[in-house]
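As stored in data_25.cif (mmCIF, C-alpha atoms):
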```
data_protein
#
loop_
_atom_site.group_PDB
_atom_site.id
_atom_site.type_symbol
_atom_site.label_atom_id
_atom_site.label_comp_id
_atom_site.auth_asym_id
_atom_site.auth_seq_id
_atom_site.Cartn_x
_atom_site.Cartn_y
_atom_site.Cartn_z
ATOM 1 C CA MET X 197 -2.663 -26.726 -3.377
ATOM 2 C CA LYS X 198 -4.070 -23.449 -4.755
ATOM 3 C CA LYS X 199 -4.237 -24.983 -8.234
ATOM 4 C CA HIS X 200 -6.497 -27.752 -6.883
ATOM 5 C CA PHE X 201 -8.948 -25.169 -5.504
ATOM 6 C CA LEU X 202 -8.891 -23.241 -8.770
ATOM 7 C CA VAL X 203 -9.682 -26.369 -10.787
ATOM 8 C CA LEU X 204 -12.394 -27.389 -8.292
ATOM 9 C CA GLY X 205 -13.981 -23.941 -8.510
ATOM 10 C CA LEU X 206 -13.947 -23.907 -12.304
ATOM 11 C CA LEU X 207 -15.465 -27.374 -12.464
ATOM 12 C CA ALA X 208 -18.203 -26.410 -10.014
ATOM 13 C CA ALA X 209 -19.008 -23.273 -12.003
ATOM 14 C CA THR X 210 -19.237 -25.107 -15.317
ATOM 15 C CA ALA X 211 -21.231 -27.983 -13.834
ATOM 16 C CA VAL X 212 -24.074 -25.693 -12.744
ATOM 17 C CA PRO X 213 -26.978 -26.107 -15.143
ATOM 18 C CA ALA X 214 -28.173 -22.877 -16.728
ATOM 19 C CA SER X 215 -31.703 -23.508 -15.425
ATOM 20 C CA ALA X 216 -30.631 -23.818 -11.777
ATOM 21 C CA GLU X 217 -32.754 -21.083 -10.233
ATOM 22 C CA GLY X 218 -31.150 -19.471 -7.200
ATOM 23 C CA VAL X 219 -27.603 -20.538 -8.129
ATOM 24 C CA TYR X 220 -24.982 -17.873 -8.813
ATOM 25 C CA ILE X 221 -21.240 -17.557 -9.277
ATOM 26 C CA PHE X 222 -19.088 -14.633 -8.237
ATOM 27 C CA GLY X 223 -15.599 -13.255 -8.330
ATOM 28 C CA ASP X 224 -13.904 -10.271 -6.801
ATOM 29 C CA ALA X 225 -10.565 -8.561 -6.335
ATOM 30 C CA GLY X 226 -9.271 -6.002 -3.904
ATOM 31 C CA GLN X 227 -6.845 -5.408 -1.097
ATOM 32 C CA SER X 228 -6.101 -7.507 1.978
ATOM 33 C CA LYS X 229 -4.456 -6.317 5.162
ATOM 34 C CA PHE X 230 -2.339 -8.345 7.590
ATOM 35 C CA SER X 231 -1.598 -7.113 11.108
ATOM 36 C CA VAL X 232 0.669 -8.983 13.501
ATOM 37 C CA ASP X 233 1.387 -8.121 17.127
ATOM 38 C CA PHE X 234 4.338 -9.796 18.808
ATOM 39 C CA ASP X 235 6.486 -8.885 21.815
ATOM 40 C CA GLY X 236 5.127 -5.334 21.948
ATOM 41 C CA ALA X 237 5.846 -4.640 18.264
ATOM 42 C CA SER X 238 3.312 -4.395 15.452
ATOM 43 C CA LEU X 239 3.627 -5.053 11.731
ATOM 44 C CA SER X 240 0.943 -4.186 9.191
ATOM 45 C CA GLU X 241 1.109 -4.901 5.447
ATOM 46 C CA THR X 242 -1.329 -4.874 2.515
ATOM 47 C CA ASP X 243 -1.466 -7.007 -0.639
ATOM 48 C CA THR X 244 -3.799 -7.934 -3.486
ATOM 49 C CA SER X 245 -6.653 -10.329 -2.743
ATOM 50 C CA PHE X 246 -9.012 -12.176 -5.076
ATOM 51 C CA ALA X 247 -11.794 -14.725 -4.727
ATOM 52 C CA PHE X 248 -14.192 -16.856 -6.712
ATOM 53 C CA GLY X 249 -17.093 -18.932 -5.528
ATOM 54 C CA VAL X 250 -20.600 -20.244 -5.905
ATOM 55 C CA GLY X 251 -23.752 -19.353 -4.027
ATOM 56 C CA TYR X 252 -27.343 -20.428 -3.644
ATOM 57 C CA ALA X 253 -30.133 -17.942 -2.869
ATOM 58 C CA ILE X 254 -32.551 -19.714 -0.528
ATOM 59 C CA ASN X 255 -34.941 -16.747 -0.826
ATOM 60 C CA LYS X 256 -34.631 -12.967 -1.390
ATOM 61 C CA THR X 257 -33.033 -12.490 2.029
ATOM 62 C CA PHE X 258 -30.757 -15.477 2.733
ATOM 63 C CA SER X 259 -28.041 -17.096 0.637
ATOM 64 C CA PHE X 260 -25.347 -19.680 1.219
ATOM 65 C CA GLU X 261 -21.899 -19.144 -0.340
ATOM 66 C CA ALA X 262 -18.734 -21.222 -0.670
ATOM 67 C CA ALA X 263 -15.555 -19.529 -1.882
ATOM 68 C CA TYR X 264 -11.810 -19.709 -2.250
ATOM 69 C CA ARG X 265 -9.967 -16.485 -1.369
ATOM 70 C CA ASP X 266 -6.293 -15.770 -2.009
ATOM 71 C CA LEU X 267 -5.438 -13.258 0.713
ATOM 72 C CA GLY X 268 -2.026 -12.442 -0.736
ATOM 73 C CA GLY X 269 1.165 -12.335 1.239
ATOM 74 C CA ILE X 270 4.087 -10.474 2.666
ATOM 75 C CA SER X 271 7.674 -10.689 1.483
ATOM 76 C CA SER X 272 10.803 -9.015 2.705
ATOM 77 C CA ASP X 273 14.482 -9.321 2.043
ATOM 78 C CA ASP X 274 17.697 -7.827 3.294
ATOM 79 C CA GLU X 275 21.374 -8.552 2.847
ATOM 80 C CA TYR X 276 21.067 -11.840 4.789
ATOM 81 C CA GLY X 277 17.998 -13.515 3.307
ATOM 82 C CA GLU X 278 14.446 -13.428 2.017
ATOM 83 C CA SER X 279 11.201 -14.162 3.894
ATOM 84 C CA GLN X 280 7.862 -15.012 2.265
ATOM 85 C CA PHE X 281 4.403 -15.440 3.837
ATOM 86 C CA ASP X 282 1.290 -16.348 1.762
ATOM 87 C CA MET X 283 -2.247 -16.854 3.043
ATOM 88 C CA SER X 284 -5.524 -18.201 1.639
ATOM 89 C CA ALA X 285 -9.005 -19.129 2.865
ATOM 90 C CA LEU X 286 -11.577 -21.704 1.908
ATOM 91 C CA GLN X 287 -14.819 -20.383 3.361
ATOM 92 C CA ALA X 288 -18.527 -21.102 3.729
ATOM 93 C CA SER X 289 -20.976 -18.454 4.877
ATOM 94 C CA VAL X 290 -24.560 -17.400 5.233
ATOM 95 C CA VAL X 291 -25.356 -14.036 3.649
ATOM 96 C CA ALA X 292 -28.375 -11.930 4.678
ATOM 97 C CA ALA X 293 -29.403 -9.195 2.217
ATOM 98 C CA PHE X 294 -31.701 -6.249 2.865
ATOM 99 C CA PRO X 295 -33.027 -4.064 0.017
ATOM 100 C CA ILE X 296 -32.636 -0.302 0.400
ATOM 101 C CA GLY X 297 -33.879 0.514 -3.085
ATOM 102 C CA SER X 298 -35.102 -1.190 -6.233
ATOM 103 C CA ALA X 299 -31.546 -2.096 -7.325
ATOM 104 C CA VAL X 300 -29.459 -1.658 -4.157
ATOM 105 C CA ASN X 301 -29.008 -4.147 -1.317
ATOM 106 C CA ILE X 302 -26.881 -4.092 1.793
ATOM 107 C CA PHE X 303 -25.772 -7.427 3.207
ATOM 108 C CA GLY X 304 -24.011 -9.077 6.082
ATOM 109 C CA ARG X 305 -21.947 -12.257 6.106
ATOM 110 C CA LEU X 306 -21.234 -14.782 8.867
ATOM 111 C CA GLY X 307 -19.321 -17.981 8.276
ATOM 112 C CA LEU X 308 -16.381 -20.259 8.840
ATOM 113 C CA ALA X 309 -13.054 -20.129 6.995
ATOM 114 C CA GLN X 310 -10.197 -22.586 6.854
ATOM 115 C CA LEU X 311 -7.265 -20.185 6.865
ATOM 116 C CA SER X 312 -3.985 -21.598 5.524
ATOM 117 C CA TYR X 313 -0.532 -20.111 5.308
ATOM 118 C CA ASP X 314 2.813 -21.030 3.790
ATOM 119 C CA SER X 315 5.962 -19.317 5.004
ATOM 120 C CA SER X 316 9.580 -19.646 4.046
ATOM 121 C CA TYR X 317 12.957 -18.124 4.760
ATOM 122 C CA GLU X 318 15.953 -18.416 2.438
ATOM 123 C CA ASP X 319 19.358 -17.551 3.885
ATOM 124 C CA TYR X 320 21.598 -16.134 1.150
ATOM 125 C CA GLU X 321 24.830 -17.352 2.721
ATOM 126 C CA ASP X 322 24.018 -20.686 4.361
ATOM 127 C CA SER X 323 21.190 -22.965 3.204
ATOM 128 C CA ASP X 324 21.338 -24.785 6.576
ATOM 129 C CA TYR X 325 19.333 -21.833 7.944
ATOM 130 C CA ASP X 326 16.590 -22.098 5.299
ATOM 131 C CA GLU X 327 13.150 -22.761 6.790
ATOM 132 C CA SER X 328 9.623 -23.398 5.573
ATOM 133 C CA ASP X 329 6.348 -23.912 7.388
ATOM 134 C CA SER X 330 2.650 -24.235 6.676
ATOM 135 C CA ASP X 331 -0.391 -24.465 8.901
ATOM 136 C CA SER X 332 -4.156 -24.090 8.817
ATOM 137 C CA ALA X 333 -6.909 -23.294 11.283
ATOM 138 C CA ASN X 334 -10.674 -22.887 11.199
ATOM 139 C CA LYS X 335 -11.701 -19.337 12.102
ATOM 140 C CA ALA X 336 -14.830 -17.211 11.889
ATOM 141 C CA VAL X 337 -15.317 -14.813 8.987
ATOM 142 C CA TYR X 338 -17.775 -11.934 9.015
ATOM 143 C CA GLY X 339 -18.389 -8.989 6.772
ATOM 144 C CA VAL X 340 -20.647 -6.303 5.365
ATOM 145 C CA GLY X 341 -21.240 -5.057 1.864
ATOM 146 C CA ALA X 342 -23.531 -3.526 -0.717
ATOM 147 C CA SER X 343 -24.647 -4.702 -4.139
ATOM 148 C CA TYR X 344 -26.118 -2.993 -7.184
ATOM 149 C CA THR X 345 -28.261 -4.992 -9.623
ATOM 150 C CA LEU X 346 -27.513 -4.193 -13.276
ATOM 151 C CA ASN X 347 -30.075 -6.643 -14.727
ATOM 152 C CA GLU X 348 -31.744 -9.928 -13.729
ATOM 153 C CA ASN X 349 -28.465 -11.844 -14.129
ATOM 154 C CA VAL X 350 -25.631 -9.446 -13.228
ATOM 155 C CA SER X 351 -24.880 -7.550 -10.014
ATOM 156 C CA LEU X 352 -21.883 -5.603 -8.802
ATOM 157 C CA ARG X 353 -20.818 -5.625 -5.164
ATOM 158 C CA ALA X 354 -18.378 -4.080 -2.721
ATOM 159 C CA GLU X 355 -17.533 -5.912 0.474
ATOM 160 C CA TYR X 356 -15.397 -5.813 3.614
ATOM 161 C CA ASN X 357 -14.532 -9.146 5.310
ATOM 162 C CA LYS X 358 -12.684 -9.735 8.570
ATOM 163 C CA TYR X 359 -11.254 -13.029 9.805
ATOM 164 C CA ALA X 360 -10.954 -13.972 13.481
ATOM 165 C CA GLU X 361 -7.532 -13.513 15.075
ATOM 166 C CA TRP X 362 -5.080 -16.386 14.684
ATOM 167 C CA ASP X 363 -2.001 -16.432 16.940
ATOM 168 C CA GLY X 364 -1.707 -12.634 16.946
ATOM 169 C CA LEU X 365 -2.448 -12.308 13.202
ATOM 170 C CA THR X 366 -5.543 -10.425 12.056
ATOM 171 C CA THR X 367 -6.572 -10.394 8.403
ATOM 172 C CA SER X 368 -9.182 -8.431 6.486
ATOM 173 C CA ALA X 369 -10.065 -7.765 2.843
ATOM 174 C CA PHE X 370 -11.895 -5.006 0.971
ATOM 175 C CA THR X 371 -13.039 -6.141 -2.478
ATOM 176 C CA LEU X 372 -15.065 -5.158 -5.547
ATOM 177 C CA GLY X 373 -16.667 -7.868 -7.646
ATOM 178 C CA ALA X 374 -19.426 -9.176 -9.854
ATOM 179 C CA VAL X 375 -22.158 -11.794 -9.440
ATOM 180 C CA TYR X 376 -23.776 -13.787 -12.243
ATOM 181 C CA SER X 377 -27.122 -15.422 -11.386
ATOM 182 C CA PHE X 378 -28.476 -18.310 -13.458
#
```
I need this file expressed as structure tokens, please.
Amino acid sequence: MKKHFLVLGLLAATAVPASAEGVYIFGDAGQSKFSVDFDGASLSETDTSFAFGVGYAINKTFSFEAAYRDLGGISSDDEYGESQFDMSALQASVVAAFPIGSAVNIFGRLGLAQLSYDSSYEDYEDSDYDESDSDSANKAVYGVGASYTLNENVSLRAEYNKYAEWDGLTTSAFTLGAVYSF
């Protein structure tokens, strides 16, 4: 499934005409954090996150963005078996930017994300106990960040995003990335 999103994103990026004013592409990488609360116990893990997407600047303040984000996963194993949990998001958001200098902007994000996960358990001794599951849900995404404009086409940005809670699971990501405007 992730390969389909990657191909779709690459096709969308290459299909954008170079003269499309207001259109931009972006990519970032950073760290995601998963926190789960269940039966009075808490588990918190971090992993690598990356995203790519396309945006359209409606004006100097508001933009619309669509992106695919790999939020990473959690894996654990012991003498009995191995567990794996991977999560991703396909998201659409409105971004509002506010200049605080000639090259620096701060921005906020509000949108909707289709969060998806795949989980599996492999029992080392008895494959009858092997399990796998996947699910998805639409949840809110919001975030804040800052960008620095290098030239008329290239900007750098740092961002923190948080996804709404899903069955006791909270997810967030801190990333650094680049934007290329056409």
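Once the PyMOL selection byres ((chain X and resi 295) around 12) is applied to this file, the selection holds Lys256, Thr257, Phe258, Ala292, Ala293, Phe294, Ile296, Gly297, Ser298, Ala299, Val300, Asn301, Ile302, Phe303, Gly304, Gly341, Ala342, Ser343, Tyr344 and Thr345 of chain X.
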Problem set entry | Contacts of Leu286 (chain X) at 8 Å (only C-alpha atoms; same-chain gap of 5+ positions) as a list in words | Ala262, Ala263, Tyr264, Arg265, Ala309, Gln310 and Leu311 of chain X
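Distance-wise, CA of Asn347 (chain X) and CA of Gly249 (chain X) end up 20.1 Å apart.
Using the PyMOL selection byres ((chain X and resi 260) around 10) on the file at hand returns these residues: Val219, Val250, Gly251, Tyr252, Ala253, Ile254, Phe258, Ser259, Glu261, Ala262, Ala288, Ser289, Val290, Val291, Ala292, Arg305, Leu306 and Gly307 of chain X.
Candidate residues X:Glu348, X:Glu327, X:Asp233, X:Asp266 were compared for distance to Tyr313 (chain X), and the nearest is X:Asp266, using only C-alpha atoms.
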For this session: Give the answer as one residue: which of X:Ser240, X:Asn255, X:Gln280, X:Ser312 has the shortest atom-to-atom distance to Gly218 (chain X), using all atoms listed in the file?
Result: X:Asn255
Exercise. Which of these residues is nearest to Gly364 (chain X), using all atoms listed in the file: X:Ala247, X:Ala285, X:Leu267, X:Val232?
Worked result: X:Val232
Problem set entry | Selected residue of minimal separation from Tyr317 (chain X) among X:Thr367, X:Ser245, X:Ser271, X:Ser228, counting all atoms listed in the file | X:Ser271
How about completing region 299-316 of chain X with N, CA and C atoms and giving it to me as a PDB file, keeping the file's coordinate frame?
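Now in out-v3.pdb:
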```
ATOM      1  N   ALA X 299     -32.710  -1.398  -6.778  1.00  0.00           N
ATOM      2  CA  ALA X 299     -31.546  -2.096  -7.325  1.00  0.00           C
ATOM      3  C   ALA X 299     -30.401  -2.234  -6.321  1.00  0.00           C
ATOM      4  N   VAL X 300     -30.550  -1.681  -5.132  1.00  0.00           N
ATOM      5  CA  VAL X 300     -29.459  -1.658  -4.157  1.00  0.00           C
ATOM      6  C   VAL X 300     -29.815  -2.499  -2.938  1.00  0.00           C
ATOM      7  N   ASN X 301     -28.873  -3.343  -2.533  1.00  0.00           N
ATOM      8  CA  ASN X 301     -29.008  -4.147  -1.317  1.00  0.00           C
ATOM      9  C   ASN X 301     -27.796  -3.911  -0.435  1.00  0.00           C
ATOM     10  N   ILE X 302     -27.997  -3.980   0.873  1.00  0.00           N
ATOM     11  CA  ILE X 302     -26.881  -4.092   1.793  1.00  0.00           C
ATOM     12  C   ILE X 302     -26.924  -5.511   2.334  1.00  0.00           C
ATOM     13  N   PHE X 303     -25.775  -6.051   2.713  1.00  0.00           N
ATOM     14  CA  PHE X 303     -25.772  -7.427   3.207  1.00  0.00           C
ATOM     15  C   PHE X 303     -24.729  -7.619   4.291  1.00  0.00           C
ATOM     16  N   GLY X 304     -24.954  -8.667   5.060  1.00  0.00           N
ATOM     17  CA  GLY X 304     -24.011  -9.077   6.082  1.00  0.00           C
ATOM     18  C   GLY X 304     -23.638 -10.533   5.863  1.00  0.00           C
ATOM     19  N   ARG X 305     -22.464 -10.898   6.301  1.00  0.00           N
ATOM     20  CA  ARG X 305     -21.947 -12.257   6.106  1.00  0.00           C
ATOM     21  C   ARG X 305     -21.477 -12.797   7.450  1.00  0.00           C
ATOM     22  N   LEU X 306     -21.750 -14.087   7.694  1.00  0.00           N
ATOM     23  CA  LEU X 306     -21.234 -14.782   8.867  1.00  0.00           C
ATOM     24  C   LEU X 306     -20.914 -16.209   8.437  1.00  0.00           C
ATOM     25  N   GLY X 307     -19.693 -16.650   8.723  1.00  0.00           N
ATOM     26  CA  GLY X 307     -19.321 -17.981   8.276  1.00  0.00           C
ATOM     27  C   GLY X 307     -18.063 -18.509   8.946  1.00  0.00           C
ATOM     28  N   LEU X 308     -17.564 -19.580   8.351  1.00  0.00           N
ATOM     29  CA  LEU X 308     -16.381 -20.259   8.840  1.00  0.00           C
ATOM     30  C   LEU X 308     -15.375 -20.352   7.696  1.00  0.00           C
ATOM     31  N   ALA X 309     -14.108 -20.076   8.007  1.00  0.00           N
ATOM     32  CA  ALA X 309     -13.054 -20.129   6.995  1.00  0.00           C
ATOM     33  C   ALA X 309     -11.926 -21.025   7.477  1.00  0.00           C
ATOM     34  N   GLN X 310     -11.413 -21.844   6.568  1.00  0.00           N
ATOM     35  CA  GLN X 310     -10.197 -22.586   6.854  1.00  0.00           C
ATOM     36  C   GLN X 310      -9.056 -21.733   6.314  1.00  0.00           C
ATOM     37  N   LEU X 311      -8.400 -21.019   7.234  1.00  0.00           N
ATOM     38  CA  LEU X 311      -7.265 -20.185   6.865  1.00  0.00           C
ATOM     39  C   LEU X 311      -6.022 -21.054   6.757  1.00  0.00           C
ATOM     40  N   SER X 312      -5.225 -20.843   5.726  1.00  0.00           N
ATOM     41  CA  SER X 312      -3.985 -21.598   5.524  1.00  0.00           C
ATOM     42  C   SER X 312      -2.868 -20.625   5.182  1.00  0.00           C
ATOM     43  N   TYR X 313      -1.677 -20.924   5.689  1.00  0.00           N
ATOM     44  CA  TYR X 313      -0.532 -20.111   5.308  1.00  0.00           C
ATOM     45  C   TYR X 313       0.658 -20.992   4.966  1.00  0.00           C
ATOM     46  N   ASP X 314       1.516 -20.449   4.127  1.00  0.00           N
ATOM     47  CA  ASP X 314       2.813 -21.030   3.790  1.00  0.00           C
ATOM     48  C   ASP X 314       3.843 -19.946   4.045  1.00  0.00           C
ATOM     49  N   SER X 315       4.902 -20.286   4.762  1.00  0.00           N
ATOM     50  CA  SER X 315       5.962 -19.317   5.004  1.00  0.00           C
ATOM     51  C   SER X 315       7.305 -19.963   4.708  1.00  0.00           C
ATOM     52  N   SER X 316       8.243 -19.128   4.327  1.00  0.00           N
ATOM     53  CA  SER X 316       9.580 -19.646   4.046  1.00  0.00           C
ATOM     54  C   SER X 316      10.619 -18.559   4.313  1.00  0.00           C
TER      55      SER X 316
END
```
